[in-house]
file coords20.cif (mmCIF, C-alpha atoms)
data_upload
loop_
_atom_site.label_atom_id
_atom_site.label_comp_id
_atom_site.auth_asym_id
_atom_site.auth_seq_id
_atom_site.Cartn_x
_atom_site.Cartn_y
_atom_site.Cartn_z
CA MET B 1 124.09 67.63 89.51
CA THR B 2 124.56 71.26 90.60
CA SER B 3 121.59 73.48 91.41
CA THR B 4 120.80 76.53 89.30
CA PRO B 5 122.17 79.68 90.96
CA PHE B 6 119.75 82.31 92.17
CA ARG B 7 119.49 85.45 90.09
CA ALA B 8 119.57 88.90 91.70
CA LEU B 9 118.82 92.32 90.24
CA VAL B 10 120.43 95.28 92.06
CA VAL B 11 118.89 98.66 91.26
CA ASP B 12 120.57 101.81 92.56
CA ASP B 13 121.93 105.02 91.06
CA GLU B 14 124.99 105.00 93.36
CA PRO B 15 127.66 103.04 91.43
CA SER B 16 129.82 102.44 94.51
CA LEU B 17 126.95 100.92 96.49
CA THR B 18 125.86 98.85 93.51
CA ARG B 19 129.36 97.42 93.13
CA VAL B 20 129.59 96.52 96.82
CA VAL B 21 126.18 94.82 96.94
CA ALA B 22 126.74 93.01 93.65
CA GLY B 23 130.16 91.86 94.85
CA TYR B 24 128.77 90.38 98.06
CA LEU B 25 126.00 88.58 96.18
CA GLU B 26 128.36 87.24 93.52
CA HIS B 27 130.63 85.96 96.29
CA GLU B 28 127.58 84.10 97.65
CA GLY B 29 127.02 82.44 94.28
CA PHE B 30 124.32 84.68 92.83
CA VAL B 31 124.18 85.66 89.19
CA VAL B 32 123.83 89.44 89.43
CA THR B 33 122.43 92.03 87.03
CA THR B 34 122.54 95.74 87.86
CA ALA B 35 120.53 98.74 86.73
CA PRO B 36 121.02 102.47 87.51
CA ASP B 37 117.40 103.55 87.08
CA GLY B 38 113.81 102.30 87.02
CA GLU B 39 113.39 102.00 83.27
CA GLN B 40 116.47 99.83 82.87
CA ALA B 41 115.49 97.80 85.96
CA LEU B 42 112.10 96.87 84.49
CA ALA B 43 113.67 96.01 81.14
CA ALA B 44 116.27 93.81 82.86
CA ALA B 45 113.62 92.04 84.96
CA ARG B 46 111.62 91.21 81.84
CA ALA B 47 114.65 90.06 79.86
CA ASP B 48 116.16 87.91 82.62
CA PRO B 49 113.64 87.26 85.44
CA PRO B 50 115.32 87.57 88.86
CA ASP B 51 114.60 85.63 92.04
CA VAL B 52 115.21 88.71 94.18
CA VAL B 53 115.39 92.46 93.51
CA VAL B 54 117.36 94.89 95.69
CA LEU B 55 115.61 98.15 94.87
CA ASP B 56 116.49 101.70 95.91
CA LEU B 57 113.50 103.88 96.74
CA MET B 58 114.91 107.10 95.28
CA LEU B 59 115.79 106.56 91.64
CA PRO B 60 116.05 108.97 88.71
CA GLY B 61 113.01 108.84 86.44
CA ILE B 62 110.69 106.11 87.69
CA ASP B 63 111.14 105.83 91.46
CA GLY B 64 111.42 102.58 93.40
CA ILE B 65 107.77 102.57 94.43
CA GLU B 66 106.59 102.71 90.81
CA VAL B 67 109.20 100.15 89.75
CA CYS B 68 107.91 97.79 92.44
CA ARG B 69 104.30 98.42 91.39
CA GLN B 70 105.06 97.62 87.75
CA LEU B 71 107.31 94.69 88.67
CA ARG B 72 104.43 93.07 90.57
CA THR B 73 102.35 92.95 87.36
CA PHE B 74 104.70 90.36 85.80
CA SER B 75 107.06 89.04 88.51
CA ASP B 76 106.82 87.37 91.91
CA ALA B 77 110.48 88.01 92.74
CA TYR B 78 111.23 88.93 96.33
CA VAL B 79 111.84 92.67 96.68
CA ILE B 80 113.99 94.35 99.33
CA MET B 81 113.56 98.12 99.28
CA LEU B 82 116.48 100.39 100.18
CA THR B 83 115.80 103.87 101.52
CA ALA B 84 117.95 106.71 102.82
CA ARG B 85 115.02 107.96 104.87
CA SER B 86 113.49 106.14 107.82
CA GLU B 87 110.12 107.91 107.80
CA GLU B 88 107.36 105.40 108.28
CA VAL B 89 105.40 106.68 105.30
CA ASP B 90 108.17 105.66 102.88
CA THR B 91 108.23 102.17 104.34
CA LEU B 92 104.45 101.86 104.34
CA ILE B 93 104.09 103.02 100.74
CA GLY B 94 106.97 100.86 99.55
CA LEU B 95 105.65 97.71 101.16
CA SER B 96 102.06 98.38 100.11
CA VAL B 97 103.05 97.89 96.48
CA GLY B 98 104.59 94.53 97.14
CA ALA B 99 108.04 94.89 98.73
CA ASP B 100 108.89 92.01 101.07
CA ASP B 101 111.42 93.77 103.28
CA TYR B 102 113.26 97.06 103.62
CA MET B 103 116.59 98.36 104.84
CA THR B 104 117.63 101.90 105.68
CA LYS B 105 120.94 103.24 104.40
CA PRO B 106 123.67 102.92 105.51
CA PHE B 107 123.38 99.17 105.95
CA SER B 108 125.61 96.14 106.19
CA PRO B 109 125.91 94.29 102.86
CA ARG B 110 126.45 91.14 104.91
CA GLU B 111 123.11 91.66 106.67
CA LEU B 112 121.43 92.36 103.32
CA THR B 113 122.82 89.10 101.94
CA ALA B 114 121.61 87.23 105.03
CA ARG B 115 118.12 88.64 104.63
CA ILE B 116 118.04 87.66 100.97
CA ARG B 117 119.11 84.12 101.88
CA GLY B 118 116.35 84.04 104.48
CA LEU B 119 113.72 85.05 101.92
CA LEU B 120 114.90 82.46 99.42
CA ARG B 121 114.81 79.69 102.05
CA ARG B 122 111.11 80.19 102.60
CA PRO B 123 109.03 77.24 101.34
CA ARG B 124 106.58 77.88 98.52
CA THR B 125 103.89 75.94 100.40
CA SER B 126 103.17 74.98 104.00
CA VAL B 127 101.86 71.57 102.90
CA GLN B 128 104.49 68.86 103.18
CA PRO B 129 105.02 66.26 100.41
CA GLY B 130 102.44 63.48 100.72
CA GLU B 131 99.97 65.62 102.65
CA GLU B 132 96.61 66.50 101.18
CA SER B 133 95.78 70.12 100.58
CA GLN B 134 92.65 71.31 102.34
CA ALA B 135 91.38 74.84 101.99
CA ARG B 136 90.93 76.75 105.22
CA VAL B 137 87.65 78.63 105.43
CA ILE B 138 86.90 81.56 107.71
CA GLY B 139 83.60 83.21 106.85
CA GLU B 140 83.74 84.11 103.16
CA LEU B 141 87.52 83.81 103.12
CA SER B 142 89.19 80.64 101.87
CA LEU B 143 92.91 79.88 101.62
CA ASP B 144 94.45 76.88 99.88
CA PRO B 145 98.04 76.28 101.11
CA GLN B 146 98.91 73.97 98.19
CA SER B 147 97.79 76.18 95.31
CA ARG B 148 98.55 79.34 97.29
CA GLU B 149 95.20 80.78 96.28
CA VAL B 150 92.98 83.03 98.36
CA HIS B 151 89.33 83.80 97.63
CA LEU B 152 86.66 86.01 99.13
CA GLY B 153 83.54 84.15 98.11
CA GLN B 154 84.17 83.48 94.42
CA THR B 155 86.51 86.44 93.98
CA PRO B 156 90.27 85.74 93.92
CA VAL B 157 92.47 87.90 96.15
CA GLU B 158 95.88 88.75 94.73
CA LEU B 159 98.54 88.65 97.47
CA THR B 160 102.30 88.91 97.30
CA ARG B 161 104.30 85.90 98.49
CA THR B 162 104.99 87.53 101.84
CA GLU B 163 101.36 88.55 102.33
CA PHE B 164 100.24 85.00 101.56
CA ASP B 165 102.81 83.54 103.97
CA LEU B 166 101.54 85.76 106.79
CA LEU B 167 97.92 84.88 106.09
CA ASP B 168 98.89 81.21 105.85
CA ALA B 169 100.58 81.35 109.27
CA LEU B 170 97.62 83.08 110.91
CA SER B 171 95.00 80.81 109.34
CA GLU B 172 96.81 77.59 110.25
CA ARG B 173 95.72 78.03 113.89
CA PRO B 174 93.01 80.68 113.67
CA LYS B 175 92.33 81.11 117.38
CA LEU B 176 95.99 81.37 118.37
CA ALA B 177 97.35 84.86 119.04
CA TYR B 178 100.77 85.33 117.45
CA SER B 179 103.27 87.92 118.58
CA ARG B 180 105.08 89.94 115.93
CA ARG B 181 108.26 88.04 116.74
CA GLN B 182 106.54 84.69 116.23
CA LEU B 183 105.27 85.82 112.84
CA ILE B 184 108.72 87.16 111.92
CA GLU B 185 110.28 83.78 112.76
CA ARG B 186 107.59 81.90 110.85
CA VAL B 187 107.70 84.01 107.70
CA TRP B 188 111.15 85.64 107.58
CA GLY B 189 113.10 83.10 109.63
CA SER B 190 114.58 82.96 113.13
CA ASP B 191 117.78 84.72 112.06
CA TRP B 192 116.00 87.79 110.66
CA VAL B 193 117.10 91.06 112.28
CA GLY B 194 115.18 94.29 111.87
CA ASP B 195 112.14 96.32 112.88
CA GLU B 196 109.23 94.07 113.85
CA HIS B 197 106.94 96.89 112.70
CA LEU B 198 107.41 95.24 109.30
CA VAL B 199 104.63 92.81 110.32
CA ASP B 200 102.19 95.66 111.01
CA ILE B 201 102.79 97.17 107.59
CA HIS B 202 102.05 93.91 105.81
CA ILE B 203 98.95 93.33 107.95
CA VAL B 204 97.66 96.78 106.92
CA HIS B 205 97.96 95.86 103.27
CA ILE B 206 96.44 92.38 103.67
CA ARG B 207 93.46 93.95 105.45
CA GLN B 208 93.05 96.40 102.59
CA LYS B 209 92.98 93.57 100.06
CA LEU B 210 90.46 91.63 102.17
CA GLY B 211 88.29 94.70 102.68
CA ASP B 212 88.84 94.24 106.41
CA ASP B 213 88.08 97.32 108.54
CA PRO B 214 90.75 97.45 111.31
CA ALA B 215 88.18 99.09 113.60
CA ALA B 216 85.82 96.12 113.18
CA PRO B 217 87.82 93.33 111.51
CA ARG B 218 86.24 90.16 110.18
CA TYR B 219 89.41 88.17 109.51
CA ILE B 220 92.62 89.54 111.08
CA LEU B 221 92.14 90.64 114.66
CA THR B 222 94.54 92.75 116.69
CA VAL B 223 95.24 91.24 120.11
CA ARG B 224 96.26 94.18 122.27
CA GLY B 225 99.64 93.71 123.92
CA VAL B 226 100.35 90.56 121.92
CA GLY B 227 99.99 90.82 118.16
CA TYR B 228 97.44 89.26 115.82
CA ARG B 229 95.16 86.29 115.45
CA MET B 230 92.76 85.13 112.79
CA GLY B 231 89.12 84.25 113.12
CA PRO B 232 85.72 85.85 113.58
CA GLY B 233 85.69 88.65 116.13
#

call {"tool": "encode", "arguments": {"input": "coords20.cif", "output": "C-alpha coordinates"}}
result
Amino acid sequence: MTSTPFRALVVDDEPSLTRVVAGYLEHEGFVVTTAPDGEQALAAARADPPDVVVLDLMLPGIDGIEVCRQLRTFSDAYVIMLTARSEEVDTLIGLSVGADDYMTKPFSPRELTARIRGLLRRPRTSVQPGEESQARVIGELSLDPQSREVHLGQTPVELTRTEFDLLDALSERPKLAYSRRQLIERVWGSDWVGDEHLVDIHIVHIRQKLGDDPAAPRYILTVRGVGYRMGPG
(Lines of atoms letter the chains of each structure in order from A and count residues from 1; the text may use other names and numbers.)
(Lines give C-alpha, C1' and ligand atoms only; values in the text may rest on other atoms or scores of the structure.)
Protein backbone atom coordinates (compact mmCIF):
# COMPACT_ATOMS: atom_id res chain seq x y z
CA MET A 1 0.00 0.00 0.00
CA THR A 2 1.54 3.32 -1.11
CA SER A 3 1.12 6.48 0.94
CA THR A 4 -0.80 9.45 -0.40
CA PRO A 5 1.60 12.04 -1.84
CA PHE A 6 1.83 15.43 -0.18
CA ARG A 7 0.18 18.31 -1.99
CA ALA A 8 1.98 21.62 -2.48
CA LEU A 9 0.69 24.98 -3.70
CA VAL A 10 3.32 27.32 -5.18
CA VAL A 11 2.25 30.96 -5.43
CA ASP A 12 4.48 33.42 -7.28
CA ASP A 13 4.09 35.84 -10.18
CA GLU A 14 7.51 34.94 -11.62
CA PRO A 15 6.83 32.04 -14.04
CA SER A 16 10.48 30.96 -14.19
CA LEU A 17 10.77 30.67 -10.40
CA THR A 18 7.43 28.89 -10.18
CA ARG A 19 8.56 26.32 -12.75
CA VAL A 20 11.83 25.66 -10.93
CA VAL A 21 10.22 25.26 -7.50
CA ALA A 22 7.38 23.14 -8.86
CA GLY A 23 9.89 20.97 -10.73
CA TYR A 24 11.94 20.30 -7.61
CA LEU A 25 8.85 19.42 -5.59
CA GLU A 26 7.43 17.16 -8.30
CA HIS A 27 10.79 15.39 -8.45
CA GLU A 28 10.42 14.80 -4.69
CA GLY A 29 7.02 13.19 -5.23
CA PHE A 30 4.73 16.12 -4.43
CA VAL A 31 1.54 16.81 -6.32
CA VAL A 32 1.97 20.49 -7.21
CA THR A 33 -0.53 23.22 -8.04
CA THR A 34 0.62 26.71 -9.00
CA ALA A 35 -1.00 30.13 -8.89
CA PRO A 36 0.28 33.51 -10.20
CA ASP A 37 -1.65 35.74 -7.79
CA GLY A 38 -3.45 35.81 -4.45
CA GLU A 39 -6.99 35.39 -5.72
CA GLN A 40 -6.16 32.27 -7.70
CA ALA A 41 -4.07 30.94 -4.79
CA LEU A 42 -7.00 31.13 -2.37
CA ALA A 43 -9.34 29.54 -4.91
CA ALA A 44 -6.86 26.71 -5.51
CA ALA A 45 -6.37 26.12 -1.77
CA ARG A 46 -10.13 25.81 -1.28
CA ALA A 47 -10.62 23.54 -4.29
CA ASP A 48 -7.70 21.21 -3.53
CA PRO A 49 -6.41 21.68 0.06
CA PRO A 50 -2.60 21.64 0.15
CA ASP A 51 -0.30 20.30 2.86
CA VAL A 52 2.18 23.13 2.30
CA VAL A 53 2.04 26.52 0.57
CA VAL A 54 5.10 28.28 -0.86
CA LEU A 55 3.90 31.88 -0.91
CA ASP A 56 5.57 34.97 -2.35
CA LEU A 57 5.16 38.10 -0.25
CA MET A 58 4.83 40.52 -3.18
CA LEU A 59 1.96 39.45 -5.39
CA PRO A 60 -0.28 41.40 -7.77
CA GLY A 61 -3.69 42.16 -6.27
CA ILE A 62 -3.90 40.49 -2.87
CA ASP A 63 -0.39 40.35 -1.41
CA GLY A 64 1.13 37.36 0.35
CA ILE A 65 0.38 38.69 3.82
CA GLU A 66 -3.35 38.96 3.08
CA VAL A 67 -3.35 35.58 1.32
CA CYS A 68 -1.79 34.02 4.42
CA ARG A 69 -4.30 35.77 6.68
CA GLN A 70 -7.25 34.50 4.65
CA LEU A 71 -5.70 31.05 4.23
CA ARG A 72 -5.50 30.67 8.01
CA THR A 73 -9.29 31.04 8.28
CA PHE A 74 -9.86 27.69 6.51
CA SER A 75 -6.52 25.83 6.26
CA ASP A 76 -3.79 24.60 8.60
CA ALA A 77 -1.32 24.00 5.76
CA TYR A 78 2.28 24.86 6.48
CA VAL A 79 3.24 28.18 4.88
CA ILE A 80 6.73 29.20 3.76
CA MET A 81 6.86 32.88 2.81
CA LEU A 82 9.22 34.06 0.06
CA THR A 83 10.44 37.65 0.06
CA ALA A 84 12.85 39.65 -2.07
CA ARG A 85 13.45 41.98 0.86
CA SER A 86 15.18 41.03 4.08
CA GLU A 87 13.81 43.84 6.24
CA GLU A 88 12.73 42.48 9.58
CA VAL A 89 9.32 44.14 9.38
CA ASP A 90 8.35 42.06 6.34
CA THR A 91 9.32 38.87 8.15
CA LEU A 92 7.57 39.89 11.36
CA ILE A 93 4.33 40.84 9.60
CA GLY A 94 4.38 37.74 7.42
CA LEU A 95 4.89 35.36 10.31
CA SER A 96 2.40 37.15 12.54
CA VAL A 97 -0.42 36.09 10.23
CA GLY A 98 0.53 32.45 10.40
CA ALA A 99 3.55 31.72 8.19
CA ASP A 100 5.72 28.91 9.54
CA ASP A 101 9.00 29.84 7.89
CA TYR A 102 10.47 32.30 5.42
CA MET A 103 13.19 32.46 2.80
CA THR A 104 14.76 35.47 1.14
CA LYS A 105 15.26 35.49 -2.63
CA PRO A 106 17.45 34.34 -4.24
CA PHE A 107 17.35 30.96 -2.53
CA SER A 108 18.28 27.37 -3.23
CA PRO A 109 15.28 25.29 -4.37
CA ARG A 110 17.03 22.31 -2.81
CA GLU A 111 17.11 24.07 0.57
CA LEU A 112 13.46 25.06 0.17
CA THR A 113 12.55 21.44 -0.51
CA ALA A 114 14.54 20.33 2.54
CA ARG A 115 12.74 22.82 4.75
CA ILE A 116 9.37 21.66 3.46
CA ARG A 117 10.31 18.05 4.20
CA GLY A 118 11.35 19.12 7.69
CA LEU A 119 7.99 20.78 8.32
CA LEU A 120 6.05 17.77 7.09
CA ARG A 121 8.06 15.40 9.30
CA ARG A 122 6.92 17.18 12.42
CA PRO A 123 4.56 15.05 14.56
CA ARG A 124 1.01 16.29 15.05
CA THR A 125 1.26 15.54 18.78
CA SER A 126 4.02 15.15 21.35
CA VAL A 127 2.11 12.34 23.07
CA GLN A 128 3.29 8.91 21.96
CA PRO A 129 0.83 6.10 21.14
CA GLY A 130 -0.35 4.41 24.34
CA GLU A 131 0.44 7.40 26.52
CA GLU A 132 -2.29 9.28 28.31
CA SER A 133 -2.85 12.91 27.49
CA GLN A 134 -2.60 15.23 30.46
CA ALA A 135 -3.13 18.95 30.15
CA ARG A 136 -0.29 21.13 31.36
CA VAL A 137 -1.41 24.04 33.51
CA ILE A 138 0.55 27.20 34.19
CA GLY A 139 -1.55 29.82 35.94
CA GLU A 140 -4.66 30.34 33.82
CA LEU A 141 -3.00 28.76 30.80
CA SER A 142 -3.67 25.12 29.93
CA LEU A 143 -2.27 23.11 27.01
CA ASP A 144 -3.40 19.64 25.97
CA PRO A 145 -0.74 17.93 23.79
CA GLN A 146 -3.15 15.26 22.51
CA SER A 147 -6.00 17.50 21.36
CA ARG A 148 -3.59 20.34 20.57
CA GLU A 149 -5.86 22.77 22.37
CA VAL A 150 -4.81 25.80 24.39
CA HIS A 151 -7.04 27.72 26.79
CA LEU A 152 -6.71 30.82 28.92
CA GLY A 153 -9.21 30.08 31.64
CA GLN A 154 -12.26 28.97 29.65
CA THR A 155 -11.30 30.90 26.53
CA PRO A 156 -9.71 28.94 23.66
CA VAL A 157 -6.52 30.37 22.14
CA GLU A 158 -6.13 29.88 18.40
CA LEU A 159 -2.51 29.07 17.52
CA THR A 160 -0.92 28.00 14.27
CA ARG A 161 0.74 24.58 14.19
CA THR A 162 4.19 26.11 14.62
CA GLU A 163 3.06 28.35 17.47
CA PHE A 164 1.52 25.36 19.24
CA ASP A 165 4.68 23.29 18.73
CA LEU A 166 6.82 26.01 20.32
CA LEU A 167 4.46 26.39 23.27
CA ASP A 168 4.33 22.60 23.61
CA ALA A 169 8.14 22.40 23.74
CA LEU A 170 8.41 25.16 26.34
CA SER A 171 5.61 23.82 28.54
CA GLU A 172 6.92 20.25 28.56
CA ARG A 173 9.68 21.31 30.98
CA PRO A 174 8.52 24.70 32.20
CA LYS A 175 11.53 25.61 34.33
CA LEU A 176 14.10 24.66 31.69
CA ALA A 177 15.66 27.51 29.70
CA TYR A 178 15.85 26.65 26.01
CA SER A 179 18.25 28.30 23.59
CA ARG A 180 16.92 29.36 20.21
CA ARG A 181 18.91 26.55 18.61
CA GLN A 182 17.34 23.97 20.92
CA LEU A 183 13.88 25.22 20.02
CA ILE A 184 14.76 25.22 16.32
CA GLU A 185 15.88 21.58 16.57
CA ARG A 186 12.79 20.61 18.53
CA VAL A 187 10.25 22.31 16.28
CA TRP A 188 11.88 22.64 12.83
CA GLY A 189 14.33 19.74 13.04
CA SER A 190 18.09 19.35 13.49
CA ASP A 191 18.77 19.81 9.77
CA TRP A 192 17.03 23.20 9.55
CA VAL A 193 19.28 25.99 8.28
CA GLY A 194 18.37 29.66 8.58
CA ASP A 195 18.07 32.67 10.85
CA GLU A 196 17.39 31.64 14.45
CA HIS A 197 15.60 34.99 14.84
CA LEU A 198 12.65 33.04 13.45
CA VAL A 199 12.04 31.80 17.02
CA ASP A 200 11.82 35.35 18.38
CA ILE A 201 9.22 36.32 15.80
CA HIS A 202 6.99 33.38 16.69
CA ILE A 203 7.41 34.07 20.42
CA VAL A 204 6.26 37.67 19.84
CA HIS A 205 3.07 36.44 18.22
CA ILE A 206 2.39 33.74 20.83
CA ARG A 207 2.76 36.36 23.56
CA GLN A 208 0.29 38.59 21.75
CA LYS A 209 -2.26 35.78 21.61
CA LEU A 210 -1.73 34.98 25.30
CA GLY A 211 -1.97 38.65 26.27
CA ASP A 212 1.54 38.30 27.70
CA ASP A 213 3.38 41.59 28.26
CA PRO A 214 7.06 41.00 27.30
CA ALA A 215 8.08 43.59 29.91
CA ALA A 216 6.34 41.60 32.65
CA PRO A 217 5.50 38.17 31.19
CA ARG A 218 3.29 35.65 32.95
CA TYR A 219 3.94 32.65 30.71
CA ILE A 220 6.92 32.93 28.34
CA LEU A 221 9.99 34.39 30.01
CA THR A 222 13.08 35.69 28.25
CA VAL A 223 16.28 34.28 29.76
CA ARG A 224 18.95 36.84 28.92
CA GLY A 225 21.90 35.36 27.07
CA VAL A 226 20.14 32.01 26.64
CA GLY A 227 16.67 32.11 25.11
CA TYR A 228 13.29 31.35 26.66
CA ARG A 229 11.63 29.34 29.37
CA MET A 230 8.07 28.89 30.50
CA GLY A 231 6.62 29.35 33.94
CA PRO A 232 5.63 32.05 36.39
CA GLY A 233 8.15 34.86 36.65

call {"tool": "atom_distance", "arguments": {"input": "coords20.cif", "atom1": "atom CA of Ile206 of chain B", "atom2": "atom CA of Glu163 of chain B"}}
result
6.4 Å

call {"tool": "closest_residue", "arguments": {"input": "coords20.cif", "among": "B:Thr83, B:Gln182, B:Thr91, B:Thr222", "to": "Thr104 of chain B", "atoms": "all atoms listed in the file"}}
result
B:Thr83

call {"tool": "residues_around", "arguments": {"input": "coords20.cif", "residues": "Ala47 of chain B", "least_positions_apart": "5", "cutoff": "12 Å", "atoms": "all atoms listed in the file", "output": "NGL selection string"}}
result
:B and (9 or 33 or 40-42 or 74-75)

call {"tool": "atom_distance", "arguments": {"input": "coords20.cif", "atom1": "atom CA of Ala169 of chain B", "atom2": "atom CA of Gln154 of chain B"}}
result
22.2 Å

call {"tool": "closest_residue", "arguments": {"input": "coords20.cif", "among": "B:Arg117, B:Arg181, B:Arg72, B:Arg224", "to": "Ala99 of chain B", "atoms": "all atoms listed in the file"}}
result
B:Arg72

call {"tool": "closest_residue", "arguments": {"input": "coords20.cif", "among": "B:Val53, B:Val226, B:Ile138, B:Val32", "to": "Ser179 of chain B", "atoms": "all atoms listed in the file"}}
result
B:Val226

call {"tool": "resolve_selection", "arguments": {"input": "coords20.cif", "expression": "the PyMOL selection byres ((chain B and resi 202) around 10)", "output": "NGL selection string"}}
result
:B and (92 or 95-96 or 98-101 or 160 or 162-163 or 166-167 or 197-201 or 203-208)

call {"tool": "closest_residue", "arguments": {"input": "coords20.cif", "among": "B:Val31, B:Val193, B:Ala135, B:Ala177", "to": "Val223 of chain B", "atoms": "all atoms listed in the file"}}
result
B:Ala177

call {"tool": "atom_distance", "arguments": {"input": "coords20.cif", "atom1": "atom CA of Val11 of chain B", "atom2": "atom CA of Gly38 of chain B"}}
result
7.6 Å

call {"tool": "resolve_selection", "arguments": {"input": "coords20.cif", "expression": "the PyMOL selection byres ((chain B and resi 229) around 8)", "output": "mmCIF file with C-alpha atoms, in the frame of the given file"}}
result
data_model
loop_
_atom_site.group_PDB
_atom_site.id
_atom_site.type_symbol
_atom_site.label_atom_id
_atom_site.label_comp_id
_atom_site.auth_asym_id
_atom_site.auth_seq_id
_atom_site.Cartn_x
_atom_site.Cartn_y
_atom_site.Cartn_z
ATOM 1 C CA LEU B 170 97.620 83.080 110.910
ATOM 2 C CA PRO B 174 93.010 80.680 113.670
ATOM 3 C CA LYS B 175 92.330 81.110 117.380
ATOM 4 C CA LEU B 176 95.990 81.370 118.370
ATOM 5 C CA ALA B 177 97.350 84.860 119.040
ATOM 6 C CA TYR B 178 100.770 85.330 117.450
ATOM 7 C CA ILE B 220 92.620 89.540 111.080
ATOM 8 C CA LEU B 221 92.140 90.640 114.660
ATOM 9 C CA THR B 222 94.540 92.750 116.690
ATOM 10 C CA VAL B 223 95.240 91.240 120.110
ATOM 11 C CA GLY B 227 99.990 90.820 118.160
ATOM 12 C CA TYR B 228 97.440 89.260 115.820
ATOM 13 C CA MET B 230 92.760 85.130 112.790
ATOM 14 C CA GLY B 231 89.120 84.250 113.120
#

call {"tool": "build_atoms", "arguments": {"input": "coords20.cif", "residues": "segment 218-229 of chain B", "atoms": "all heavy atoms", "output": "tab-separated table (two decimals), keeping the file's coordinate frame"}}
result
chain	number	residue	atom	x	y	z
B	218	ARG	N	86.91	91.44	110.34
B	218	ARG	CA	86.24	90.16	110.18
B	218	ARG	C	87.24	89.00	110.18
B	218	ARG	O	86.89	87.89	110.55
B	218	ARG	CB	85.46	90.12	108.86
B	218	ARG	CG	84.31	91.11	108.77
B	218	ARG	CD	83.72	91.09	107.37
B	218	ARG	NE	84.69	91.59	106.39
B	218	ARG	CZ	84.57	91.43	105.08
B	218	ARG	NH1	83.54	90.76	104.58
B	218	ARG	NH2	85.47	91.93	104.25
B	219	TYR	N	88.47	89.26	109.74
B	219	TYR	CA	89.41	88.17	109.51
B	219	TYR	C	90.69	88.27	110.36
B	219	TYR	O	91.07	87.31	111.01
B	219	TYR	CB	89.77	88.11	108.03
B	219	TYR	CG	88.56	87.97	107.14
B	219	TYR	CD1	88.21	88.95	106.22
B	219	TYR	CD2	87.73	86.85	107.25
B	219	TYR	CE1	87.08	88.83	105.43
B	219	TYR	CE2	86.59	86.71	106.46
B	219	TYR	CZ	86.28	87.71	105.56
B	219	TYR	OH	85.16	87.58	104.79
B	220	ILE	N	91.38	89.39	110.32
B	220	ILE	CA	92.62	89.54	111.08
B	220	ILE	C	92.36	90.46	112.26
B	220	ILE	O	92.10	91.65	112.09
B	220	ILE	CB	93.76	90.08	110.20
B	220	ILE	CG1	94.01	89.15	109.01
B	220	ILE	CG2	95.04	90.23	111.02
B	220	ILE	CD1	95.09	89.64	108.08
B	221	LEU	N	92.43	89.89	113.45
B	221	LEU	CA	92.14	90.64	114.66
B	221	LEU	C	93.42	91.06	115.35
B	221	LEU	O	94.39	90.30	115.40
B	221	LEU	CB	91.31	89.78	115.63
B	221	LEU	CG	89.81	89.60	115.35
B	221	LEU	CD1	89.57	88.90	114.03
B	221	LEU	CD2	89.16	88.82	116.48
B	222	THR	N	93.43	92.28	115.88
B	222	THR	CA	94.54	92.75	116.69
B	222	THR	C	94.32	92.31	118.13
B	222	THR	O	93.25	92.53	118.69
B	222	THR	CB	94.65	94.28	116.64
B	222	THR	OG1	94.87	94.69	115.28
B	222	THR	CG2	95.81	94.77	117.51
B	223	VAL	N	95.31	91.65	118.71
B	223	VAL	CA	95.24	91.24	120.11
B	223	VAL	C	96.13	92.20	120.88
B	223	VAL	O	97.36	92.14	120.79
B	223	VAL	CB	95.70	89.78	120.29
B	223	VAL	CG1	95.60	89.39	121.77
B	223	VAL	CG2	94.88	88.84	119.41
B	224	ARG	N	95.53	93.11	121.61
B	224	ARG	CA	96.26	94.18	122.27
B	224	ARG	C	97.33	93.61	123.21
B	224	ARG	O	97.07	92.73	124.01
B	224	ARG	CB	95.30	95.08	123.05
B	224	ARG	CG	95.94	96.34	123.62
B	224	ARG	CD	94.90	97.31	124.07
B	224	ARG	NE	94.04	97.76	122.97
B	224	ARG	CZ	93.01	98.59	123.13
B	224	ARG	NH1	92.71	99.04	124.34
B	224	ARG	NH2	92.29	98.94	122.08
B	225	GLY	N	98.53	94.14	123.08
B	225	GLY	CA	99.64	93.71	123.92
B	225	GLY	C	100.31	92.43	123.48
B	225	GLY	O	101.30	92.01	124.08
B	226	VAL	N	99.77	91.81	122.41
B	226	VAL	CA	100.35	90.56	121.92
B	226	VAL	C	100.72	90.68	120.46
B	226	VAL	O	101.90	90.65	120.10
B	226	VAL	CB	99.38	89.37	122.13
B	226	VAL	CG1	100.00	88.07	121.61
B	226	VAL	CG2	99.00	89.23	123.59
B	227	GLY	N	99.74	90.78	119.59
B	227	GLY	CA	99.99	90.82	118.16
B	227	GLY	C	98.70	90.63	117.38
B	227	GLY	O	97.79	91.46	117.47
B	228	TYR	N	98.59	89.50	116.70
B	228	TYR	CA	97.44	89.26	115.82
B	228	TYR	C	96.97	87.81	115.93
B	228	TYR	O	97.75	86.91	116.22
B	228	TYR	CB	97.80	89.55	114.36
B	228	TYR	CG	98.25	90.97	114.12
B	228	TYR	CD1	99.62	91.28	114.08
B	228	TYR	CD2	97.32	91.99	113.96
B	228	TYR	CE1	100.04	92.58	113.86
B	228	TYR	CE2	97.73	93.30	113.74
B	228	TYR	CZ	99.09	93.58	113.69
B	228	TYR	OH	99.50	94.89	113.49
B	229	ARG	N	95.70	87.63	115.64
B	229	ARG	CA	95.16	86.29	115.45
B	229	ARG	C	94.13	86.36	114.35
B	229	ARG	O	93.67	87.43	113.95
B	229	ARG	CB	94.54	85.73	116.72
B	229	ARG	CG	93.19	86.32	117.12
B	229	ARG	CD	92.58	85.51	118.26
B	229	ARG	NE	91.32	86.07	118.73
B	229	ARG	CZ	90.12	85.79	118.20
B	229	ARG	NH1	90.04	84.98	117.15
B	229	ARG	NH2	89.03	86.32	118.71
